[in-house]
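Step one of this worksheet: look at the structure below.
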There are 2 protein chains.
Amino acid sequence: MKAPTTVFQLSKILKLSPSTISRALKDHPDIAPETRRRVLELAQKLDYEPNAYAVSLRTNSSREFGVIVPSLKGYFYDSFITALEEKARNEGYSLIILISGDDPEVELANLRICKQRRAVGIFISVSSRTANHEQFRKLQEQELPVVFFDKVPEHFSGHKIRFNDERAATLAAEHLIQKGKRNILALFGDPNMSITTWREEAFAQTFKNHGLAGSFTRQYILNEREADRAVSIALKSNKRPDAIFCMTDEILIGAMKAIQVSATKVPDDVGILAISNGAFPRHYHPEVTYVETSGIKLGHLAFTHMMDFLAGTETMRELEVEPVLVEGGSV
Amino acid sequence: MKAPTTVFQLSKILKLSPSTISRALKDHPDIAPETRRRVLELAQKLDYEPNAYAVSLRTNSSREFGVIVPSLKGYFYDSFITALEEKARNEGYSLIILISGDDPEVELANLRICKQRRAVGIFISVSSRTANHEQFRKLQEQELPVVFFDKVPEHFSGHKIRFNDERAATLAAEHLIQKGKRNILALFGDPNMSITTWREEAFAQTFKNHGLAGSFTRQYILNEREADRAVSIALKSNKRPDAIFCMTDEILIGAMKAIQVSATKVPDDVGILAISNGAFPRHYHPEVTYVETSGIKLGHLAFTHMMDFLAGTETMRELEVEPVLVEGGSV
DNA sequence: ATCGGAATCGCAAACGATTGCGTAAATGAC
DNA sequence: GTCATTTACGCAATCGTTTGCGATTCCGAT
């Protein structure tokens, strides 16, 4: 790469000092209009762009946030990041996006990168295998704001932005109850993940509150294929479920594959309801009714909270996004 | 944020010069083992991380790439970026990911950010509305390597990494012919996009080469809903197609919705074949046969080429990823 | 005792932009 | 014409790290 234009070069050409160039470029009142015009003109002509490193070093402010996610797939983080990026760009910030691949080692390395880049703040969805919170404690000690989102560490206090999972599961359960479903196959995710526990308990509690504790059968599903198999078996059984609840998009996809194989009609033969980011449910016909856990909303809230905290108008808090029911035609 | 530890602080505490600290931290042979040990120990204790801005400013090398994409959605860019990020991280580089939202203005702003950040190189999939190539010419003038990928500008010469679209369409056509399909509904995308033209021409040519020019009906589809409607109508017509070809994932999704509504059986009643990144075809049952245009492969090739060019072992070139047919059970 | 040469470490100048302070010239008030 | 103020610009330090060039000590070899 050719050496980019610098203020010094501009100053030499115009026979001015670097100070004057710098001030002219940022509309400092000390500069004569005619001088400013000449500077801007030459800067434009020579394609001058300020060296972000020099600026950040001198002003000691980086204007960038670190974003650490386990993966870009999963149809959630992409929308979260999209929301974050848009808001950040509008405020003059940019993002360092780092993918941990659900590996605590890489996650740690990524945190170091954020520190080296002097990020003003970090957004992180922790890897599911992250057990040690020592690094987060250190960051707090150094007063580098860390906003946890989606997958938040349970036994560590900090900024947390997540969905109200209990409410999501409750909404789902209530809708199924209201639609008269009394023999539901409820598919939950990994029972070792706290998100599963929360959703499952709220789901069960809702049925119990309606005196319908026996209206659903729960099953734990680790991946798409397992969902496929579970639903496939259930549909063939003699007491076929009248509705299927899918805790995640992944489970929904597996379930829908099984339904497509069978001659089962949705929603007449069996109802489907999922908790989802909102993309997949629309891929089917009829569109699947779902409780929305929107990455966009989460991204907006996370960014707003970060900015407020940086501005000093907010304290360390745990915030929740309220999910809403989006009716398709599947229940 | 608290002020992070600096070499200067370390040097004061250890009564050494900053030079010695700096050298000790990077295993310079001039440093005595005992001294190095003491420095590393204190650095560890005080959580020292080098200021990336100061390093980049001094060494004049940023070790980061700019990545500009129209969007993160669409299940293609996410995999491309994932591939890029992994390779970059392994080489000690990181990515500045910028989303243009298919807006040429934002795209331009993003390019400026890359320049200000002194990115070593830029990967960009240009917005479909980008008509002016002036900015790219300027970048070439400044010898800042720009690698175009996926959506590459047609009338501008530069590094281009894209799929062999002609081959993808040819593969698709040949597979349909081989399977005996003679009444195909071929759904292409926006006729104003060059990618559509390439795929369409190769598709048509393949049929012509087999003396089967009349075996398919082409239709242009701008979005998912249009695909849904087109297929829906076609399936009800008295000369129902024996196969449907979908040029993109978006079209596939719309087509599959229509198929789910009808009582049509795949592949017995109608075959389905798509050109896809590979995620969606697996969501259906039977899994949809597709010609793979893998974001992962494209990402790997783009990064490798960028590194080779930077190393001087490659020249400005246009490279293509060869698509492969992945058989599901839909044809 | 002298000398050559490792082995260690420090000095100081960079990298590019910003900014408090100082100063010369221009302007205004009287 | 004098003095005070404003206008417009320059000086030089600074951010944190790197690195070429010395400088010092210490050692064994002659």
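Chain labels follow the order of the structure tokens: the first chain is A, the next B, and so on; residue numbering restarts at 1 in every chain, and ligands are counted from 1 in their shown order.
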- Task: Would you return as a PyMOL selection string the members of segment 78-276 of chain B that DSSP assigns to strand (DSSP E) on this structure's backbone?
- Result: chain B and resi 94-99+121-124+146-149+159-163+184-188+216-220+243-246+271-276
Against chain C, which residues of chain A fall within 7 Å? For each one I want the closest pair of atoms and the distance in Å (one decimal), counting only C-alpha atoms (C1' of nucleotides), rows by chain and increasing residue number, as a tab-separated table.
residue	atom	partner	partner_atom	distance
A:Thr6	CA	C:DG16	C1'	6.9
A:Asn51	CA	C:DG16	C1'	6.7
A:Ala54	CA	C:DG16	C1'	5.1
A:Val55	CA	C:DA17	C1'	5.4
A:Arg58	CA	C:DT18	C1'	6.4
Pull N, CA and C atoms from the residues just selected and write them as a PDB file, in the first residue's frame.
ATOM      1  N   THR A   6      -0.769  12.572   5.048  1.00  0.00           N
ATOM      2  CA  THR A   6      -0.792  12.936   6.464  1.00  0.00           C
ATOM      3  C   THR A   6      -0.956  14.445   6.613  1.00  0.00           C
ATOM      4  N   ASN A  51      -5.545   9.180  10.227  1.00  0.00           N
ATOM      5  CA  ASN A  51      -5.093   7.882  10.712  1.00  0.00           C
ATOM      6  C   ASN A  51      -5.784   7.582  12.047  1.00  0.00           C
ATOM      7  N   ALA A  54      -3.524   7.038  15.102  1.00  0.00           N
ATOM      8  CA  ALA A  54      -2.932   8.232  15.686  1.00  0.00           C
ATOM      9  C   ALA A  54      -3.982   8.997  16.493  1.00  0.00           C
ATOM     10  N   VAL A  55      -5.162   9.095  15.924  1.00  0.00           N
ATOM     11  CA  VAL A  55      -6.234   9.819  16.617  1.00  0.00           C
ATOM     12  C   VAL A  55      -6.577   9.136  17.937  1.00  0.00           C
ATOM     13  N   ARG A  58      -3.765   9.476  20.520  1.00  0.00           N
ATOM     14  CA  ARG A  58      -3.657  10.815  21.078  1.00  0.00           C
ATOM     15  C   ARG A  58      -4.865  11.156  21.964  1.00  0.00           C
TER      16      ARG A  58
END
- Please, what distance in Å, to one decimal, runs between atom CA of Ile296 of chain B and atom CA of Phe76 of chain B?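 Rounded to one decimal, the two atoms are 8.7 Å apart.
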- Could you list, as a ChimeraX atom specification, every residue of chain D that has an atom within 10 Å of an atom of chain A, counting only C-alpha atoms (C1' of nucleotides)? /D:7-11,14-16
- Item | Check: which chain B residues lie within 8 Å of chain A using only C-alpha atoms, as a ChimeraX atom specification | /B:1-4,49-54,56-57,71-73,75,78-79,82,85-86,94-99,112,115-118,120,142-145,253-254,256-258,260-261,283-286
Using only C-alpha atoms (C1' of nucleotides), determine which residues lie at most 10 Å from Ser276 of chain B, disregarding the query and same-chain residues fewer than 4 positions distant; provide the list as a compact mmCIF listing (two decimals) with C-alpha atoms, in the first residue's frame.
# COMPACT_ATOMS: atom_id res chain seq x y z
CA TYR B 75 -27.53 -17.47 5.12
CA PHE B 76 -24.59 -16.84 2.88
CA ALA B 168 -23.66 -24.18 -11.34
CA CYS B 246 -34.89 -22.49 -8.00
CA MET B 247 -31.99 -20.17 -8.67
CA THR B 248 -31.64 -19.03 -5.06
CA ASP B 249 -32.50 -20.00 -1.53
CA GLU B 250 -35.10 -17.29 -1.34
CA LEU B 252 -36.62 -22.19 -2.94
CA PHE B 280 -32.10 -24.66 3.65
CA PRO B 281 -32.24 -27.68 1.39
CA VAL B 288 -33.68 -30.89 -1.52
CA THR B 289 -31.05 -31.72 -4.10
CA TYR B 290 -28.95 -28.64 -4.72
CA VAL B 291 -25.93 -27.26 -6.45
CA GLU B 292 -23.76 -25.98 -3.67
CA THR B 293 -22.38 -22.47 -3.74
CA SER B 294 -20.59 -22.65 -0.43
CA GLY B 295 -19.85 -19.50 1.48
CA PRO B 323 -19.88 -25.72 -7.44
CA VAL B 326 -25.32 -32.41 -3.54
What's around segment 234-239 of chain A at 12 Å? Count only C-alpha atoms (C1' of nucleotides), leave out sequence neighbours fewer than 2 positions away in its own chain, and write the answer as a PDB file with C-alpha atoms, in the first residue's frame.
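Writing done, so here's part.pdb:
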ATOM      1  CA  ARG A 182     -54.469 -31.265  25.896  1.00  0.00           C
ATOM      2  CA  ASN A 183     -52.006 -33.811  24.577  1.00  0.00           C
ATOM      3  CA  ILE A 184     -48.890 -31.845  23.786  1.00  0.00           C
ATOM      4  CA  LEU A 185     -45.447 -33.077  22.911  1.00  0.00           C
ATOM      5  CA  ALA A 186     -43.117 -30.486  24.403  1.00  0.00           C
ATOM      6  CA  LEU A 187     -39.608 -30.544  23.028  1.00  0.00           C
ATOM      7  CA  THR A 217     -45.165 -34.843  27.679  1.00  0.00           C
ATOM      8  CA  ARG A 218     -41.704 -33.370  27.848  1.00  0.00           C
ATOM      9  CA  GLN A 219     -38.704 -34.569  25.957  1.00  0.00           C
ATOM     10  CA  ALA A 227     -36.284 -33.699  16.977  1.00  0.00           C
ATOM     11  CA  ASP A 228     -37.049 -35.342  13.659  1.00  0.00           C
ATOM     12  CA  ARG A 229     -36.962 -38.783  15.198  1.00  0.00           C
ATOM     13  CA  ALA A 230     -38.968 -37.866  18.275  1.00  0.00           C
ATOM     14  CA  VAL A 231     -41.775 -36.276  16.287  1.00  0.00           C
ATOM     15  CA  SER A 232     -41.709 -39.014  13.721  1.00  0.00           C
ATOM     16  CA  PRO A 241     -50.192 -35.539  20.145  1.00  0.00           C
ATOM     17  CA  ASP A 242     -52.573 -32.738  19.201  1.00  0.00           C
ATOM     18  CA  ALA A 243     -49.769 -30.178  19.319  1.00  0.00           C
ATOM     19  CA  ILE A 244     -46.015 -29.958  19.343  1.00  0.00           C
ATOM     20  CA  ALA A 255     -39.932 -31.437  13.863  1.00  0.00           C
ATOM     21  CA  MET A 256     -41.143 -30.007  10.588  1.00  0.00           C
ATOM     22  CA  ALA A 258     -40.904 -35.323  10.414  1.00  0.00           C
ATOM     23  CA  ILE A 259     -44.263 -33.710   9.791  1.00  0.00           C
ATOM     24  CA  GLN A 260     -43.543 -33.363   6.101  1.00  0.00           C
ATOM     25  CA  VAL A 261     -42.829 -37.080   5.862  1.00  0.00           C
ATOM     26  CA  SER A 262     -46.031 -38.096   7.534  1.00  0.00           C
ATOM     27  CA  ALA A 263     -49.382 -37.336   6.022  1.00  0.00           C
ATOM     28  CA  THR A 264     -50.181 -35.190   9.026  1.00  0.00           C
ATOM     29  CA  LYS A 265     -51.970 -31.932   8.350  1.00  0.00           C
ATOM     30  CA  ASP A 269     -54.148 -33.035  12.681  1.00  0.00           C
ATOM     31  CA  VAL A 270     -51.460 -31.488  14.813  1.00  0.00           C
ATOM     32  CA  GLY A 271     -50.628 -27.983  15.980  1.00  0.00           C
TER      33      GLY A 271
END
- Message: What parts of segment 186-328 of chain B does DSSP call helix (DSSP H, G or I)? I'd like the answer as a PyMOL selection string.
- Response: chain B and resi 194-209+213-215+224-236+249-261+280-283+295-311
Please write the residues from the selection above to a file, keeping C-alpha atoms, as a short mmCIF file (atom, residue, chain, number, x, y, z; two decimals), in the first residue's frame.
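See part-v4.cif below for the written result:
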data_model
loop_
_atom_site.label_atom_id
_atom_site.label_comp_id
_atom_site.auth_asym_id
_atom_site.auth_seq_id
_atom_site.Cartn_x
_atom_site.Cartn_y
_atom_site.Cartn_z
CA SER B 194 -25.79 -10.15 -13.93
CA ILE B 195 -25.79 -13.28 -11.81
CA THR B 196 -29.25 -14.02 -13.15
CA THR B 197 -28.16 -13.58 -16.74
CA TRP B 198 -25.17 -15.86 -16.36
CA ARG B 199 -27.14 -18.63 -14.71
CA GLU B 200 -30.03 -18.33 -17.07
CA GLU B 201 -27.95 -18.43 -20.22
CA ALA B 202 -25.92 -21.43 -19.10
CA PHE B 203 -29.11 -23.20 -18.06
CA ALA B 204 -30.75 -22.59 -21.41
CA GLN B 205 -27.63 -23.47 -23.33
CA THR B 206 -27.35 -26.82 -21.63
CA PHE B 207 -30.86 -27.76 -22.65
CA LYS B 208 -30.20 -26.57 -26.17
CA ASN B 209 -27.06 -28.67 -26.32
CA ALA B 213 -34.65 -26.39 -25.76
CA GLY B 214 -38.37 -26.58 -25.14
CA SER B 215 -38.18 -28.57 -21.95
CA GLU B 224 -40.21 -15.28 -1.81
CA ARG B 225 -43.86 -14.41 -2.17
CA GLU B 226 -43.66 -14.32 -5.94
CA ALA B 227 -42.07 -17.75 -5.93
CA ASP B 228 -44.86 -19.03 -3.76
CA ARG B 229 -47.49 -17.67 -6.11
CA ALA B 230 -45.79 -18.85 -9.29
CA VAL B 231 -45.38 -22.40 -8.07
CA SER B 232 -48.84 -22.44 -6.58
CA ILE B 233 -50.34 -21.54 -9.95
CA ALA B 234 -48.13 -23.95 -11.85
CA LEU B 235 -49.08 -26.88 -9.66
CA LYS B 236 -52.75 -26.29 -10.28
CA ASP B 249 -32.50 -20.00 -1.53
CA GLU B 250 -35.10 -17.29 -1.34
CA ILE B 251 -36.92 -18.68 -4.34
CA LEU B 252 -36.62 -22.19 -2.94
CA ILE B 253 -38.31 -21.17 0.27
CA GLY B 254 -41.23 -19.60 -1.55
CA ALA B 255 -41.57 -22.60 -3.83
CA MET B 256 -41.56 -25.02 -0.93
CA LYS B 257 -44.33 -23.12 0.77
CA ALA B 258 -46.50 -23.57 -2.26
CA ILE B 259 -45.66 -27.24 -2.45
CA GLN B 260 -46.59 -27.75 1.18
CA VAL B 261 -50.01 -26.28 0.55
CA PHE B 280 -32.10 -24.66 3.65
CA PRO B 281 -32.24 -27.68 1.39
CA ARG B 282 -31.64 -29.80 4.48
CA HIS B 283 -34.63 -28.36 6.25
CA GLY B 295 -19.85 -19.50 1.48
CA ILE B 296 -17.20 -21.36 3.42
CA LYS B 297 -15.28 -22.28 0.29
CA LEU B 298 -15.61 -18.77 -1.08
CA GLY B 299 -14.32 -17.35 2.19
CA HIS B 300 -11.32 -19.62 2.24
CA LEU B 301 -10.43 -18.83 -1.33
CA ALA B 302 -10.86 -15.10 -0.82
CA PHE B 303 -8.63 -15.06 2.23
CA THR B 304 -5.97 -17.24 0.72
CA HIS B 305 -5.87 -15.09 -2.36
CA MET B 306 -5.63 -11.92 -0.33
CA MET B 307 -2.73 -13.28 1.68
CA ASP B 308 -0.95 -14.53 -1.40
CA PHE B 309 -1.33 -11.19 -3.08
CA LEU B 310 -0.04 -9.37 -0.03
CA ALA B 311 2.90 -11.74 0.05
#
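Rounded to one decimal, atom CA of Phe8 of chain A and atom CA of Ser22 of chain B lie 28.1 Å from each other.
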